[in-house]
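Student: The structure file structure-v5.pdb (PDB, C-alpha atoms) is provided below.
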```pdb
MODEL        1
ATOM      1  CA  MET A  15      43.301 -65.867  71.718
ATOM      2  CA  SER A  16      41.608 -64.543  74.828
ATOM      3  CA  ALA A  17      38.895 -61.935  74.482
ATOM      4  CA  ILE A  18      38.386 -58.885  76.651
ATOM      5  CA  THR A  19      34.728 -58.375  77.466
ATOM      6  CA  SER A  20      32.596 -57.274  80.379
ATOM      7  CA  PRO A  21      31.629 -60.250  82.570
ATOM      8  CA  ASP A  22      27.941 -59.291  82.547
ATOM      9  CA  ILE A  23      27.601 -59.485  78.763
ATOM     10  CA  ASP A  24      25.467 -62.284  77.315
ATOM     11  CA  HIS A  25      27.569 -63.449  74.373
ATOM     12  CA  GLU A  26      24.746 -65.453  72.807
ATOM     13  CA  GLN A  27      22.548 -62.360  72.832
ATOM     14  CA  VAL A  28      25.360 -60.325  71.321
ATOM     15  CA  ALA A  29      25.653 -62.880  68.507
ATOM     16  CA  ARG A  30      21.912 -62.756  67.825
ATOM     17  CA  ASP A  31      21.878 -58.954  67.858
ATOM     18  CA  ALA A  32      24.934 -58.909  65.599
ATOM     19  CA  GLU A  33      23.224 -61.094  63.000
ATOM     20  CA  THR A  34      20.254 -58.726  62.896
ATOM     21  CA  ALA A  35      22.538 -55.689  62.710
ATOM     22  CA  MET A  36      24.648 -57.216  59.935
ATOM     23  CA  GLU A  37      21.551 -57.758  57.811
ATOM     24  CA  LYS A  38      20.482 -54.131  58.218
ATOM     25  CA  ILE A  39      23.992 -52.810  57.578
ATOM     26  CA  ALA A  40      24.295 -54.918  54.432
ATOM     27  CA  GLY A  41      21.003 -53.451  53.245
ATOM     28  CA  ALA A  42      22.261 -49.949  53.991
ATOM     29  CA  ARG A  43      25.449 -50.519  51.989
ATOM     30  CA  SER A  44      23.438 -51.815  49.057
ATOM     31  CA  GLU A  45      21.206 -48.737  49.069
ATOM     32  CA  VAL A  46      24.198 -46.381  49.274
ATOM     33  CA  ALA A  47      25.796 -48.228  46.345
ATOM     34  CA  ARG A  48      22.756 -47.361  44.211
ATOM     35  CA  VAL A  49      23.745 -43.689  44.408
ATOM     36  CA  ILE A  50      27.470 -43.635  45.208
ATOM     37  CA  TYR A  51      29.473 -45.552  42.599
ATOM     38  CA  GLY A  52      32.833 -46.971  43.605
ATOM     39  CA  GLN A  53      34.382 -45.414  46.721
ATOM     40  CA  GLU A  54      33.754 -48.627  48.685
ATOM     41  CA  SER A  55      36.456 -47.756  51.216
ATOM     42  CA  VAL A  56      35.006 -44.281  51.772
ATOM     43  CA  VAL A  57      31.484 -45.657  52.261
ATOM     44  CA  GLU A  58      32.769 -48.310  54.641
ATOM     45  CA  ARG A  59      34.674 -45.786  56.741
ATOM     46  CA  ALA A  60      31.718 -43.408  56.848
ATOM     47  CA  LEU A  61      29.474 -46.235  58.068
ATOM     48  CA  VAL A  62      32.099 -47.297  60.608
ATOM     49  CA  THR A  63      32.228 -43.718  61.891
ATOM     50  CA  LEU A  64      28.464 -43.582  62.399
ATOM     51  CA  LEU A  65      28.248 -47.078  63.905
ATOM     52  CA  SER A  66      30.978 -46.080  66.356
ATOM     53  CA  GLY A  67      28.971 -43.021  67.420
ATOM     54  CA  GLY A  68      31.558 -40.545  66.161
ATOM     55  CA  HIS A  69      32.069 -37.661  63.762
ATOM     56  CA  GLY A  70      33.863 -37.809  60.432
ATOM     57  CA  LEU A  71      36.013 -35.393  58.427
ATOM     58  CA  LEU A  72      35.878 -36.077  54.682
ATOM     59  CA  VAL A  73      38.864 -34.630  52.840
ATOM     60  CA  GLY A  74      38.958 -34.495  49.059
ATOM     61  CA  VAL A  75      38.926 -32.232  46.031
ATOM     62  CA  PRO A  76      35.586 -30.886  44.761
ATOM     63  CA  GLY A  77      33.307 -33.100  42.699
ATOM     64  CA  LEU A  78      33.949 -36.440  44.414
ATOM     65  CA  ALA A  79      30.398 -36.779  45.823
ATOM     66  CA  LYS A  80      31.290 -35.998  49.447
ATOM     67  CA  THR A  81      28.106 -33.984  49.933
ATOM     68  CA  LYS A  82      26.069 -36.574  48.042
ATOM     69  CA  LEU A  83      27.444 -39.321  50.276
ATOM     70  CA  VAL A  84      26.379 -37.550  53.460
ATOM     71  CA  GLU A  85      22.935 -36.825  52.020
ATOM     72  CA  THR A  86      22.566 -40.463  50.953
ATOM     73  CA  LEU A  87      23.660 -41.792  54.342
ATOM     74  CA  GLY A  88      21.072 -39.589  56.033
ATOM     75  CA  THR A  89      18.374 -40.988  53.754
ATOM     76  CA  VAL A  90      19.415 -44.643  54.036
ATOM     77  CA  LEU A  91      19.781 -44.518  57.816
ATOM     78  CA  GLY A  92      16.496 -42.661  58.218
ATOM     79  CA  LEU A  93      18.081 -39.685  59.972
ATOM     80  CA  ASP A  94      17.191 -36.004  59.984
ATOM     81  CA  ALA A  95      20.072 -34.535  57.981
ATOM     82  CA  ARG A  96      20.818 -30.860  57.436
ATOM     83  CA  ARG A  97      23.572 -29.034  55.607
ATOM     84  CA  ILE A  98      25.492 -25.842  56.361
ATOM     85  CA  GLN A  99      27.751 -24.224  53.783
ATOM     86  CA  PHE A 100      30.608 -22.748  55.797
ATOM     87  CA  THR A 101      31.755 -19.333  54.546
ATOM     88  CA  PRO A 102      33.978 -16.611  56.060
ATOM     89  CA  ASP A 103      30.950 -14.518  57.060
ATOM     90  CA  LEU A 104      29.101 -17.391  58.772
ATOM     91  CA  MET A 105      28.306 -16.622  62.428
ATOM     92  CA  PRO A 106      27.870 -19.036  65.374
ATOM     93  CA  SER A 107      24.180 -18.129  65.583
ATOM     94  CA  ASP A 108      23.757 -19.370  62.001
ATOM     95  CA  ILE A 109      24.664 -22.816  63.320
ATOM     96  CA  LEU A 110      23.328 -22.885  66.865
ATOM     97  CA  GLY A 111      20.288 -20.633  66.605
ATOM     98  CA  ALA A 112      19.423 -17.375  68.323
ATOM     99  CA  GLU A 113      17.040 -15.758  70.772
ATOM    100  CA  VAL A 114      14.438 -13.383  69.378
ATOM    101  CA  MET A 115      12.122 -10.986  71.176
ATOM    102  CA  ASP A 116       8.447 -11.916  71.034
ATOM    103  CA  GLN A 117       5.567  -9.670  72.025
ATOM    104  CA  ASP A 118       2.123 -11.089  72.816
ATOM    105  CA  ARG A 119      -1.235  -9.399  72.396
ATOM    106  CA  ASP A 120      -1.047  -7.871  75.872
ATOM    107  CA  GLY A 121       2.254  -6.200  75.047
ATOM    108  CA  ALA A 122       4.343  -8.504  77.245
ATOM    109  CA  ARG A 123       7.742  -9.267  75.811
ATOM    110  CA  ALA A 124       9.847 -12.388  76.231
ATOM    111  CA  PHE A 125      12.763 -14.038  74.526
ATOM    112  CA  ARG A 126      12.174 -17.148  72.429
ATOM    113  CA  PHE A 127      14.942 -19.433  71.199
ATOM    114  CA  ILE A 128      14.841 -20.422  67.539
ATOM    115  CA  LYS A 129      16.875 -23.569  66.996
ATOM    116  CA  GLY A 130      19.543 -23.595  64.323
ATOM    117  CA  PRO A 131      20.433 -26.374  61.894
ATOM    118  CA  ILE A 132      22.714 -28.022  64.448
ATOM    119  CA  PHE A 133      19.569 -29.509  65.972
ATOM    120  CA  SER A 134      19.596 -32.442  63.592
ATOM    121  CA  GLN A 135      20.791 -36.015  63.669
ATOM    122  CA  VAL A 136      23.359 -35.632  60.895
ATOM    123  CA  LEU A 137      24.911 -32.217  60.355
ATOM    124  CA  MET A 138      26.747 -31.718  57.087
ATOM    125  CA  ALA A 139      29.421 -29.066  57.690
ATOM    126  CA  ASP A 140      30.464 -28.338  54.121
ATOM    127  CA  GLU A 141      33.952 -26.853  53.701
ATOM    128  CA  ILE A 142      34.315 -26.382  57.433
ATOM    129  CA  ASN A 143      37.704 -24.675  57.145
ATOM    130  CA  ARG A 144      36.151 -21.757  55.230
ATOM    131  CA  ALA A 145      34.604 -20.337  58.402
ATOM    132  CA  SER A 146      36.399 -18.288  61.048
ATOM    133  CA  PRO A 147      37.742 -19.940  64.219
ATOM    134  CA  ARG A 148      34.919 -18.322  66.201
ATOM    135  CA  THR A 149      32.332 -20.065  64.054
ATOM    136  CA  GLN A 150      34.243 -23.345  63.948
ATOM    137  CA  SER A 151      34.323 -23.367  67.751
ATOM    138  CA  ALA A 152      30.522 -23.299  67.826
ATOM    139  CA  LEU A 153      30.667 -27.014  67.033
ATOM    140  CA  LEU A 154      33.125 -27.972  69.790
ATOM    141  CA  GLN A 155      30.674 -28.315  72.662
ATOM    142  CA  ALA A 156      28.096 -30.060  70.495
ATOM    143  CA  MET A 157      30.567 -32.623  69.163
ATOM    144  CA  GLN A 158      31.884 -33.522  72.605
ATOM    145  CA  GLU A 159      28.980 -33.003  75.001
ATOM    146  CA  TYR A 160      25.936 -33.331  72.680
ATOM    147  CA  HIS A 161      24.322 -30.133  73.885
ATOM    148  CA  VAL A 162      24.760 -26.408  73.317
ATOM    149  CA  THR A 163      24.531 -23.461  75.685
ATOM    150  CA  ILE A 164      22.744 -20.313  74.555
ATOM    151  CA  ALA A 165      22.458 -17.327  76.932
ATOM    152  CA  GLY A 166      23.258 -19.618  79.838
ATOM    153  CA  GLN A 167      20.536 -22.122  78.937
ATOM    154  CA  ARG A 168      21.349 -25.713  78.004
ATOM    155  CA  TYR A 169      19.689 -27.252  74.959
ATOM    156  CA  ASP A 170      20.184 -30.965  74.320
ATOM    157  CA  LEU A 171      20.747 -32.172  70.779
ATOM    158  CA  PRO A 172      18.733 -35.010  69.233
ATOM    159  CA  ARG A 173      20.253 -38.463  69.397
ATOM    160  CA  PRO A 174      21.947 -39.866  67.528
ATOM    161  CA  PHE A 175      23.953 -36.771  66.625
ATOM    162  CA  HIS A 176      26.814 -36.809  64.154
ATOM    163  CA  VAL A 177      28.850 -34.170  62.372
ATOM    164  CA  LEU A 178      30.163 -35.105  58.936
ATOM    165  CA  ALA A 179      32.363 -32.264  57.748
ATOM    166  CA  THR A 180      34.085 -31.812  54.400
ATOM    167  CA  GLN A 181      37.345 -30.081  53.625
ATOM    168  CA  ASN A 182      39.145 -29.290  50.387
ATOM    169  CA  PRO A 183      42.861 -30.119  50.728
ATOM    170  CA  LEU A 184      43.940 -27.944  47.795
ATOM    171  CA  GLU A 185      42.573 -24.433  48.106
ATOM    172  CA  GLN A 186      44.041 -23.320  51.417
ATOM    173  CA  GLU A 187      44.122 -19.587  50.611
ATOM    174  CA  GLY A 188      41.553 -17.698  52.637
ATOM    175  CA  THR A 189      40.837 -20.634  54.930
ATOM    176  CA  TYR A 190      41.198 -21.211  58.658
ATOM    177  CA  PRO A 191      42.825 -24.578  59.426
ATOM    178  CA  LEU A 192      41.049 -26.495  62.169
ATOM    179  CA  PRO A 193      42.898 -26.382  65.511
ATOM    180  CA  GLU A 194      44.267 -29.616  66.932
ATOM    181  CA  ALA A 195      41.609 -29.751  69.664
ATOM    182  CA  GLN A 196      38.822 -29.733  67.100
ATOM    183  CA  LEU A 197      40.541 -32.178  64.775
ATOM    184  CA  ASP A 198      40.818 -34.591  67.683
ATOM    185  CA  ARG A 199      37.047 -34.535  68.072
ATOM    186  CA  PHE A 200      36.674 -36.127  64.661
ATOM    187  CA  LEU A 201      36.762 -39.866  65.134
ATOM    188  CA  MET A 202      38.180 -40.421  61.682
ATOM    189  CA  GLN A 203      39.617 -38.472  58.755
ATOM    190  CA  ILE A 204      38.259 -40.062  55.597
ATOM    191  CA  ASP A 205      40.296 -39.272  52.501
ATOM    192  CA  VAL A 206      38.159 -39.272  49.357
ATOM    193  CA  HIS A 207      40.165 -40.102  46.233
ATOM    194  CA  TYR A 208      39.307 -40.081  42.533
ATOM    195  CA  PRO A 209      37.135 -43.013  41.360
ATOM    196  CA  ASP A 210      38.685 -45.766  39.306
ATOM    197  CA  ARG A 211      37.989 -46.048  35.580
ATOM    198  CA  GLU A 212      35.066 -48.484  35.814
ATOM    199  CA  ALA A 213      33.397 -46.497  38.592
ATOM    200  CA  GLU A 214      33.748 -43.293  36.590
ATOM    201  CA  ARG A 215      32.331 -45.039  33.512
ATOM    202  CA  ARG A 216      29.277 -45.993  35.572
ATOM    203  CA  ILE A 217      28.999 -42.431  36.867
ATOM    204  CA  LEU A 218      28.905 -41.164  33.285
ATOM    205  CA  MET A 219      26.214 -43.637  32.255
ATOM    206  CA  GLU A 220      24.010 -43.469  35.336
ATOM    207  CA  THR A 221      24.023 -39.770  36.235
ATOM    208  CA  THR A 222      23.591 -38.087  32.857
ATOM    209  CA  GLY A 223      20.331 -39.730  31.823
ATOM    210  CA  ALA A 224      16.714 -38.771  32.292
ATOM    211  CA  HIS A 225      16.386 -40.465  35.669
ATOM    212  CA  ASP A 226      18.613 -40.324  38.731
ATOM    213  CA  ALA A 227      18.949 -43.240  41.126
ATOM    214  CA  ALA A 228      17.475 -42.653  44.569
ATOM    215  CA  ALA A 229      18.145 -44.439  47.834
ATOM    216  CA  THR A 230      15.482 -45.476  50.330
ATOM    217  CA  ALA A 231      15.599 -45.796  54.093
ATOM    218  CA  VAL A 232      16.444 -49.215  55.510
ATOM    219  CA  MET A 233      17.189 -48.119  59.084
ATOM    220  CA  ASN A 234      16.146 -45.395  61.498
ATOM    221  CA  GLY A 235      17.686 -43.528  64.408
ATOM    222  CA  ASP A 236      16.730 -46.194  66.929
ATOM    223  CA  ASP A 237      18.323 -48.890  64.769
ATOM    224  CA  LEU A 238      21.548 -46.891  64.580
ATOM    225  CA  ILE A 239      21.620 -46.356  68.344
ATOM    226  CA  ALA A 240      21.077 -50.097  68.861
ATOM    227  CA  CYS A 241      24.024 -50.823  66.548
ATOM    228  CA  GLN A 242      26.188 -48.330  68.411
ATOM    229  CA  GLN A 243      25.370 -50.046  71.699
ATOM    230  CA  LEU A 244      26.091 -53.427  70.112
ATOM    231  CA  VAL A 245      29.531 -52.234  68.971
ATOM    232  CA  ARG A 246      30.450 -51.475  72.577
ATOM    233  CA  ARG A 247      29.402 -54.975  73.664
ATOM    234  CA  MET A 248      31.393 -56.871  71.041
ATOM    235  CA  PRO A 249      34.397 -58.857  72.318
ATOM    236  CA  VAL A 250      37.935 -57.705  71.532
ATOM    237  CA  GLY A 251      40.874 -60.099  71.524
ATOM    238  CA  GLU A 252      43.950 -59.477  73.635
ATOM    239  CA  SER A 253      46.103 -59.382  70.493
ATOM    240  CA  VAL A 254      43.932 -56.589  69.069
ATOM    241  CA  VAL A 255      44.227 -54.538  72.258
ATOM    242  CA  GLU A 256      47.998 -54.965  72.272
ATOM    243  CA  ALA A 257      48.181 -53.957  68.595
ATOM    244  CA  ILE A 258      46.208 -50.775  69.338
ATOM    245  CA  LEU A 259      48.442 -49.888  72.280
ATOM    246  CA  GLU A 260      51.614 -50.583  70.336
ATOM    247  CA  LEU A 261      50.487 -48.560  67.326
ATOM    248  CA  VAL A 262      49.240 -45.487  69.202
ATOM    249  CA  ARG A 263      52.066 -45.346  71.719
ATOM    250  CA  SER A 264      54.723 -45.746  69.016
ATOM    251  CA  ALA A 265      53.251 -42.696  67.253
ATOM    252  CA  ARG A 266      54.199 -40.383  70.134
ATOM    253  CA  PRO A 267      57.478 -38.474  70.303
ATOM    254  CA  GLY A 268      59.992 -39.760  72.813
ATOM    255  CA  GLU A 269      57.982 -42.873  73.607
ATOM    256  CA  THR A 270      60.899 -45.042  72.564
ATOM    257  CA  ASP A 271      64.476 -44.500  71.469
ATOM    258  CA  ASP A 272      63.506 -45.393  67.936
ATOM    259  CA  GLU A 273      64.490 -43.087  65.096
ATOM    260  CA  LEU A 274      60.889 -42.804  63.958
ATOM    261  CA  THR A 275      59.711 -41.051  67.105
ATOM    262  CA  GLU A 276      62.324 -38.363  66.526
ATOM    263  CA  LEU A 277      60.393 -37.384  63.400
ATOM    264  CA  ILE A 278      57.169 -36.693  65.339
ATOM    265  CA  ALA A 279      56.420 -33.230  66.727
ATOM    266  CA  TRP A 280      53.310 -34.339  68.615
ATOM    267  CA  GLY A 281      51.344 -37.545  68.591
ATOM    268  CA  PRO A 282      47.929 -39.027  69.346
ATOM    269  CA  GLY A 283      46.488 -39.133  72.848
ATOM    270  CA  PRO A 284      44.295 -41.774  74.493
ATOM    271  CA  ARG A 285      41.324 -40.624  72.418
ATOM    272  CA  ALA A 286      43.005 -42.254  69.417
ATOM    273  CA  SER A 287      43.192 -45.560  71.303
ATOM    274  CA  GLN A 288      39.534 -45.251  72.237
ATOM    275  CA  ALA A 289      38.678 -44.494  68.612
ATOM    276  CA  LEU A 290      40.479 -47.612  67.417
ATOM    277  CA  MET A 291      38.789 -49.793  70.044
ATOM    278  CA  LEU A 292      35.390 -48.690  68.760
ATOM    279  CA  THR A 293      36.072 -48.550  65.036
ATOM    280  CA  VAL A 294      37.706 -51.983  64.748
ATOM    281  CA  ARG A 295      34.563 -53.498  66.253
ATOM    282  CA  ALA A 296      32.334 -51.492  63.932
ATOM    283  CA  ARG A 297      34.425 -52.498  60.915
ATOM    284  CA  ALA A 298      34.089 -56.149  61.876
ATOM    285  CA  LEU A 299      30.317 -55.695  62.078
ATOM    286  CA  VAL A 300      30.214 -54.004  58.664
ATOM    287  CA  ASP A 301      32.237 -56.895  57.222
ATOM    288  CA  GLY A 302      29.926 -59.493  58.797
ATOM    289  CA  ARG A 303      32.219 -60.652  61.598
ATOM    290  CA  LEU A 304      31.511 -61.005  65.312
ATOM    291  CA  ALA A 305      34.932 -59.831  66.532
ATOM    292  CA  PRO A 306      37.707 -57.613  65.182
ATOM    293  CA  SER A 307      41.195 -58.714  64.193
ATOM    294  CA  VAL A 308      44.622 -57.090  63.985
ATOM    295  CA  ASP A 309      43.910 -56.531  60.281
ATOM    296  CA  ASP A 310      41.151 -54.110  61.299
ATOM    297  CA  VAL A 311      43.651 -52.149  63.386
ATOM    298  CA  LEU A 312      46.022 -51.895  60.435
ATOM    299  CA  ALA A 313      43.221 -50.923  58.038
ATOM    300  CA  LEU A 314      42.018 -48.083  60.278
ATOM    301  CA  ALA A 315      45.405 -46.847  61.492
ATOM    302  CA  GLU A 316      45.743 -44.102  58.888
ATOM    303  CA  PRO A 317      42.232 -42.555  59.123
ATOM    304  CA  ILE A 318      42.390 -42.625  62.931
ATOM    305  CA  LEU A 319      45.932 -41.297  63.400
ATOM    306  CA  GLN A 320      46.745 -38.982  60.494
ATOM    307  CA  HIS A 321      44.876 -35.944  61.868
ATOM    308  CA  ARG A 322      46.112 -36.541  65.411
ATOM    309  CA  MET A 323      49.849 -36.181  64.844
ATOM    310  CA  ALA A 324      52.370 -33.903  63.138
ATOM    311  CA  LEU A 325      55.919 -34.179  61.858
ATOM    312  CA  THR A 326      58.811 -32.038  62.980
ATOM    313  CA  PHE A 327      60.123 -29.333  60.666
ATOM    314  CA  GLY A 328      63.215 -31.402  60.003
ATOM    315  CA  ALA A 329      61.159 -34.447  59.062
ATOM    316  CA  ARG A 330      59.073 -32.436  56.599
ATOM    317  CA  ALA A 331      62.231 -30.896  55.139
ATOM    318  CA  ASP A 332      63.609 -34.392  54.571
ATOM    319  CA  GLY A 333      60.526 -35.375  52.609
ATOM    320  CA  HIS A 334      58.781 -37.512  55.218
ATOM    321  CA  THR A 335      54.966 -37.638  55.268
ATOM    322  CA  ILE A 336      52.410 -38.591  57.897
ATOM    323  CA  ARG A 337      51.082 -41.400  55.705
ATOM    324  CA  GLY A 338      54.557 -42.774  55.128
ATOM    325  CA  LEU A 339      55.345 -42.676  58.823
ATOM    326  CA  ILE A 340      52.106 -44.431  59.755
ATOM    327  CA  GLY A 341      52.877 -47.068  57.138
ATOM    328  CA  ARG A 342      56.245 -47.729  58.760
ATOM    329  CA  LEU A 343      54.631 -47.958  62.190
ATOM    330  CA  LYS A 344      52.048 -50.426  60.843
ATOM    331  CA  SER A 345      54.760 -52.643  59.337
ATOM    332  CA  ARG A 346      56.019 -53.428  62.819
ATOM    333  CA  ILE A 347      52.684 -54.801  63.961
ATOM    334  CA  GLY A 348      51.591 -57.041  61.107
TER     335      GLY A 348
ENDMDL
END
```
Write out the structure in this file as structure tokens.

Tutor:
Amino acid sequence: MSAITSPDIDHEQVARDAETAMEKIAGARSEVARVIYGQESVVERALVTLLSGGHGLLVGVPGLAKTKLVETLGTVLGLDARRIQFTPDLMPSDILGAEVMDQDRDGARAFRFIKGPIFSQVLMADEINRASPRTQSALLQAMQEYHVTIAGQRYDLPRPFHVLATQNPLEQEGTYPLPEAQLDRFLMQIDVHYPDREAERRILMETTGAHDAAATAVMNGDDLIACQQLVRRMPVGESVVEAILELVRSARPGETDDELTELIAWGPGPRASQALMLTVRARALVDGRLAPSVDDVLALAEPILQHRMALTFGARADGHTIRGLIGRLKSRIG
């Protein structure tokens, strides 16, 4: 299997850096596991999102430790993490910050910018679909360009910068669904499901006593940036690239004459392919491997694609689902 890499990359150095990164990532997973019980897939995907340099949308019913996971990741990775509770009356200035008028002792007045909570390394956007579209859009520039513009002045955000947003899939009354353009800015949609019986048993025993488990930092922002740069230097096999192209392109309407594409109203763009190219490498690193495989593409197909495509009205009326369709597309690649 041939690998696609840049010719100026030192593969021996990549291997050495990968070994160091794997050790730190393994330590981070162990620390997260001290606080978050079960949910191994969710933790893995959240780490993959951060190692890929992207933003994540966690979708699940209340009480599944979504907020606790983001808080724990901020602690373990040594990042400055802040949380915003999105509500219908939240304003863009509550996120970005605002200019205030200052007056000095001589009576001279001048505007001073007070930074909002978005100036952090990990921003927890809790229940993001509760806020109005105007407030939701305050995150668009930050998520794509890593700076914000206030009164015509540019303010750069700290690096690394990641948005981890949560969304409740059940209570849709009084909410504002995220537009497609903003959904596409989330590298991955991470579905958070109920814990299994043994994990819930451990939750009962560990979280209702006199002492709560606490995680400690094993990495810092510079370590995370180094891992993100390493991910982009890792080799990718030709078979993996072809699997990504086949999967993403087959999820677009009219791409082929196949009956499945007739069920799709709109499909993923090239950003989905880019997301898969990054996340399969990051997943390999998290699993202790130096290069991704087609299995990584199949494992990440659903979280990468499900928020970047929609079914036609007829397909929904016939009982088809996005997950089911992605599963059928995956079956052609394995």

Student: Need the shell around A:Glu33: protein/DNA/RNA residues with any atom at most 9 Å away, counting all atoms listed in the file. Skip same-chain ones fewer than 4 positions apart. Format as a PyMOL selection string?

Tutor: chain A and resi 28-29+37-38+299+302+304

Student: So how far away is atom CA of A:Ala305 from atom CA of A:Arg342, in Å?

Tutor: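 That distance, rounded to one decimal, is 25.7 Å.
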
Student: Looking at all atoms listed in the file, which of A:Asp31, A:Glu316, A:Glu276, A:Glu159 is the one that sits closest to A:His176?

Tutor: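 The closest residue to A:His176 is A:Glu159.
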
Student: Given only C-alpha atoms, how would the per-residue table for stretch 152-211 of chain A near stretch 62-86 of chain A read, listing every residue at most 12 Å away with its closest atom pair and distance in Å to one decimal, sorted by chain and number, as a tab-separated table?

Tutor:
```
residue	atom	partner	partner_atom	distance
A:Leu153	CA	A:His69	CA	11.2
A:Leu154	CA	A:His69	CA	11.5
A:Ala156	CA	A:His69	CA	10.9
A:Met157	CA	A:His69	CA	7.5
A:Gln158	CA	A:Gly68	CA	9.5
A:Glu159	CA	A:Gly68	CA	11.9
A:Tyr160	CA	A:Gly68	CA	11.2
A:Arg173	CA	A:Gly67	CA	10.0
A:Pro174	CA	A:Gly67	CA	7.7
A:Phe175	CA	A:Gly67	CA	8.1
A:His176	CA	A:His69	CA	5.3
A:Val177	CA	A:His69	CA	4.9
A:Leu178	CA	A:Gly70	CA	4.8
A:Ala179	CA	A:Leu71	CA	4.9
A:Thr180	CA	A:Leu72	CA	4.6
A:Gln181	CA	A:Val73	CA	4.9
A:Asn182	CA	A:Val75	CA	5.3
A:Pro183	CA	A:Gly74	CA	6.1
A:Leu184	CA	A:Val75	CA	6.8
A:Glu185	CA	A:Val75	CA	8.9
A:Gln186	CA	A:Val75	CA	11.6
A:Leu192	CA	A:Leu71	CA	10.9
A:Gln196	CA	A:Leu71	CA	10.7
A:Leu197	CA	A:Leu71	CA	8.4
A:Asp198	CA	A:His69	CA	10.1
A:Arg199	CA	A:His69	CA	7.3
A:Phe200	CA	A:His69	CA	4.9
A:Leu201	CA	A:Gly68	CA	5.3
A:Met202	CA	A:Gly70	CA	5.2
A:Gln203	CA	A:Leu71	CA	4.8
A:Ile204	CA	A:Leu72	CA	4.7
A:Asp205	CA	A:Val73	CA	4.9
A:Val206	CA	A:Gly74	CA	4.9
A:His207	CA	A:Gly74	CA	6.4
A:Tyr208	CA	A:Leu78	CA	6.7
A:Pro209	CA	A:Leu78	CA	7.9
A:Asp210	CA	A:Leu78	CA	11.6
```

Student: Apply the PyMOL selection byres ((chain A and resi 313) around 12) to the displayed file and report the matching residues as a PyMOL selection string.

Tutor: chain A and resi 55+58-59+62+258+290+293-294+297-298+306-312+314-319+340-341+344-345+347-348

Student: Excluding same-chain residues fewer than 5 positions from A:Val262, what lies within 9 Å of it counting all atoms listed in the file, as a ChimeraX atom specification?

Tutor: /A:257,281-284,286-287,315,319

Student: From the set A:Glu269, A:Leu104, A:Thr275, A:Ala32, which residue has the shortest atom-to-atom contact distance to A:Val245, counting only C-alpha atoms?

Tutor: A:Ala32

Student: Can you pull out the residues contacting A:Ala40? Cut-off 9 Å, using all atoms listed in the file, and skip same-chain residues under 4 positions away; I want them as a PDB file with C-alpha atoms, in the coordinates of the input.

Tutor:
```
ATOM      1  CA  ALA A  35      22.538 -55.689  62.710  1.00  0.00           C
ATOM      2  CA  MET A  36      24.648 -57.216  59.935  1.00  0.00           C
ATOM      3  CA  SER A  44      23.438 -51.815  49.057  1.00  0.00           C
ATOM      4  CA  GLU A  45      21.206 -48.737  49.069  1.00  0.00           C
ATOM      5  CA  VAL A 300      30.214 -54.004  58.664  1.00  0.00           C
ATOM      6  CA  ASP A 301      32.237 -56.895  57.222  1.00  0.00           C
ATOM      7  CA  GLY A 302      29.926 -59.493  58.797  1.00  0.00           C
TER       8      GLY A 302
END
```

Student: Any chance you could resolve the PyMOL selection byres ((chain A and resi 147) around 9) against this file and give the residues as number ranges by chain?

Tutor: A: 143, 145-146, 148-152, 190-193

Student: Starting from the displayed file, determine the output of the PyMOL selection byres ((chain A and resi 42) around 9) and express the residue list as JSON, numbers by chain.

Tutor: {"A": [37, 38, 39, 40, 41, 43, 44, 45, 46, 47, 87, 90, 91, 230, 231, 232, 233]}

Student: Give me, as a list in words, all polymer residues having an atom no more than 7 Å from A:Asp140, counting only C-alpha atoms and skipping those fewer than 2 positions away in the same chain.

Tutor: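 Surrounding residues, per the criterion: Ile98, Gln99, Phe100, Met138, Ile142, Ala179 and Thr180 of chain A.
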
Student: Suppose we keep C-alpha atoms; can you now write the selection as a CSV table (one decimal), keeping the file's coordinate frame?

Tutor:
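New file selection11.csv:
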```csv
chain,number,residue,atom,x,y,z
A,98,ILE,CA,25.5,-25.8,56.4
A,99,GLN,CA,27.8,-24.2,53.8
A,100,PHE,CA,30.6,-22.7,55.8
A,138,MET,CA,26.7,-31.7,57.1
A,142,ILE,CA,34.3,-26.4,57.4
A,179,ALA,CA,32.4,-32.3,57.7
A,180,THR,CA,34.1,-31.8,54.4
```

Student: For A:Glu273, please output as a list of chain:residue names all residues within 12 Å (counting only C-alpha atoms; exclusion window: fewer than 3 positions along the same chain).

Tutor: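 With the cut-off at 12 Å, the set is A:Ser264, A:Ala265, A:Arg266, A:Pro267, A:Gly268, A:Glu269, A:Thr270, A:Glu276, A:Leu277, A:Ile278, A:Ala329, A:Leu339, A:Arg342, A:Leu343.
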
Student: If I take atom CA of A:Val136 and atom CA of A:Gln27, how far is one from the other in Å, to one decimal?

Tutor: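 Distance between the two atoms: 29.3 Å.
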
Student: Around all listed atoms of stretch 200-218 of chain A, padded 3 Å per side, what centre and edge lengths does the axis-aligned box have in Å to one decimal, as AutoDock Vina command-line options?

Tutor:
```
--center_x 34.6 --center_y -42.3 --center_z 49.2 --size_x 17.4 --size_y 18.4 --size_z 37.8
```

Student: Just how far from atom CA of A:Asp108 is atom CA of A:Gly130, in Å to one decimal?

Tutor: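 Taking atom CA of A:Gly130 and atom CA of A:Asp108, their separation equals 6.4 Å.
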
Student: Kindly indicate which residue among A:Tyr51, A:Gln135, A:Glu252, A:Ile336 lies nearest to A:Ile239, using all atoms listed in the file for the distances.

Tutor: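 Between A:Tyr51, A:Gln135, A:Glu252, A:Ile336, the residue approaching A:Ile239 most closely is A:Gln135.
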
Student: My list of candidates is A:Gln288, A:Thr101, A:Thr89, A:Gln167. Which is closest to A:Arg126 when distances are computed with only C-alpha atoms?

Tutor: A:Gln167
